[in-house]
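J.: If you scroll down you'll find the structure; I have some questions about it.
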Amino acid sequence: MKPEDIRMRLFRRRKKEPEIQEITYDIYGGFIIEKKESGYEITWRSPNVTTLSINTEPVIDEDVQIEREGDTIKVLTNECKLKLIEEGGDMKVYISKIA
């Protein structure tokens, strides 16, 4: 084996798999999703007011009760799980009913 071949093997760059981070929030008492210029804002009380900004519309399960008024979605289901998944800079939100 030539010295050049060994160097190539040692310094070859490996592709990194995109890191996946998942955060889950249990939300009690409903919450609001508002469409903004930069994306969407999700706001709830836990006991303090918490706001989460995302780029894409959240995916809402069929069993979650909602009410749409223009650019605002009111989540009426009292016990929801909000799952935030970040993969390679993309952030997706999934909303489901707590089982």
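Residue numbers start at 1 in each chain; chains themselves are named A, B, ... in the order of the structure tokens; ligands are numbered from 1 in the order shown.
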Could you list, as a PyMOL selection string, every residue within 12 Å of Tyr94 (chain A), counting only C-alpha atoms and ignoring same-chain residues fewer than 6 positions away?

T.: chain A and resi 22-26+42+54+56-62+64+80-86

J.: What's the separation between CA of Asn55 (chain A) and CA of Ser38 (chain A), in Å to one decimal place?

T.: 6.6 Å

J.: Can you list, as a tab-separated table (two decimals) with N, CA and C atoms, in the first residue's frame, every protein, DNA or RNA residue that comes within 10 Å of Lys36 (chain A) when you count only C-alpha atoms, leaving out same-chain residues fewer than 3 positions away?

T.:
```
chain	number	residue	atom	x	y	z
A	33	ILE	N	-53.08	28.37	17.75
A	33	ILE	CA	-52.07	28.36	16.69
A	33	ILE	C	-52.41	29.51	15.76
A	39	GLY	N	-44.30	32.28	9.67
A	39	GLY	CA	-44.68	30.89	9.89
A	39	GLY	C	-45.88	30.78	10.82
A	40	TYR	N	-45.75	30.00	11.87
A	40	TYR	CA	-46.85	29.79	12.83
A	40	TYR	C	-46.35	29.97	14.24
A	41	GLU	N	-47.24	30.47	15.10
A	41	GLU	CA	-46.96	30.62	16.53
A	41	GLU	C	-47.96	29.80	17.31
A	53	SER	N	-42.44	29.19	18.03
A	53	SER	CA	-42.51	29.63	16.63
A	53	SER	C	-41.96	28.54	15.72
A	54	ILE	N	-42.72	28.23	14.66
A	54	ILE	CA	-42.30	27.21	13.70
A	54	ILE	C	-42.57	27.72	12.28
A	55	ASN	N	-41.95	27.08	11.29
A	55	ASN	CA	-42.09	27.52	9.89
A	55	ASN	C	-43.28	26.89	9.19
A	71	ASP	N	-56.95	33.05	10.19
A	71	ASP	CA	-55.59	32.52	10.32
A	71	ASP	C	-55.30	31.96	11.71
A	72	THR	N	-56.34	31.77	12.52
A	72	THR	CA	-56.17	31.27	13.88
A	72	THR	C	-56.86	29.92	14.04
```

J.: Taking only C-alpha atoms into account, name the residue in A:Lys35, A:Lys92, A:Gln21, A:Ile27 that is nearest to Val49 (chain A).

T.: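 Using only C-alpha atoms, the shortest distance to Val49 (chain A) belongs to A:Ile27.
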
J.: Run DSSP on the backbone and grab whatever in chain A lands in strand (DSSP E or B); send it over as a PyMOL selection string.

T.: chain A and resi 20-28+31-36+39-45+49-54+59-60+66-69+72-75+79-87+90-97

J.: Quick one, how far is CA of Glu67 (chain A) from CA of Glu79 (chain A)?

T.: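 According to the coordinates, CA of Glu67 (chain A) and CA of Glu79 (chain A) are separated by 15.6 Å.
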
J.: Can you work out which one of A:Gln65, A:Tyr28, A:Val93, A:Gly88 has the shortest atom-to-atom distance to Trp44 (chain A), counting only C-alpha atoms?

T.: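 Ranking A:Gln65, A:Tyr28, A:Val93, A:Gly88 by distance to Trp44 (chain A), first place goes to A:Tyr28.
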
J.: Have a look at CA of Asn48 (chain A) and CA of Asn78 (chain A) and let me know their distance in Å, one decimal.

T.: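 Calculated distance between CA of Asn48 (chain A) and CA of Asn78 (chain A) is 16.7 Å.
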
J.: Select from chain A everything DSSP, run on the backbone, classes as helix (DSSP H, G or I), then give the selection as a ChimeraX atom specification.

T.: /A:3-10

J.: For the residues selected in the previous step, produce a file with N, CA and C atoms as a short mmCIF file (atom, residue, chain, number, x, y, z; two decimals), in the first residue's frame.

T.:
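What landed in selection-v7.cif:
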```cif
data_model
loop_
_atom_site.label_atom_id
_atom_site.label_comp_id
_atom_site.auth_asym_id
_atom_site.auth_seq_id
_atom_site.Cartn_x
_atom_site.Cartn_y
_atom_site.Cartn_z
N PRO A 3 1.92 5.23 0.63
CA PRO A 3 1.65 6.19 1.71
C PRO A 3 0.48 7.13 1.38
N GLU A 4 0.29 7.43 0.09
CA GLU A 4 -0.82 8.31 -0.29
C GLU A 4 -2.17 7.65 0.02
N ASP A 5 -2.24 6.33 -0.19
CA ASP A 5 -3.47 5.59 0.08
C ASP A 5 -3.82 5.60 1.56
N ILE A 6 -2.78 5.48 2.41
CA ILE A 6 -3.00 5.48 3.85
C ILE A 6 -3.52 6.85 4.29
N ARG A 7 -2.90 7.92 3.76
CA ARG A 7 -3.34 9.27 4.11
C ARG A 7 -4.79 9.50 3.71
N MET A 8 -5.15 9.02 2.53
CA MET A 8 -6.53 9.19 2.06
C MET A 8 -7.51 8.49 2.99
N ARG A 9 -7.14 7.33 3.47
CA ARG A 9 -8.01 6.58 4.38
C ARG A 9 -8.15 7.29 5.72
N LEU A 10 -7.05 7.83 6.22
CA LEU A 10 -7.07 8.47 7.53
C LEU A 10 -7.87 9.76 7.54
#
```
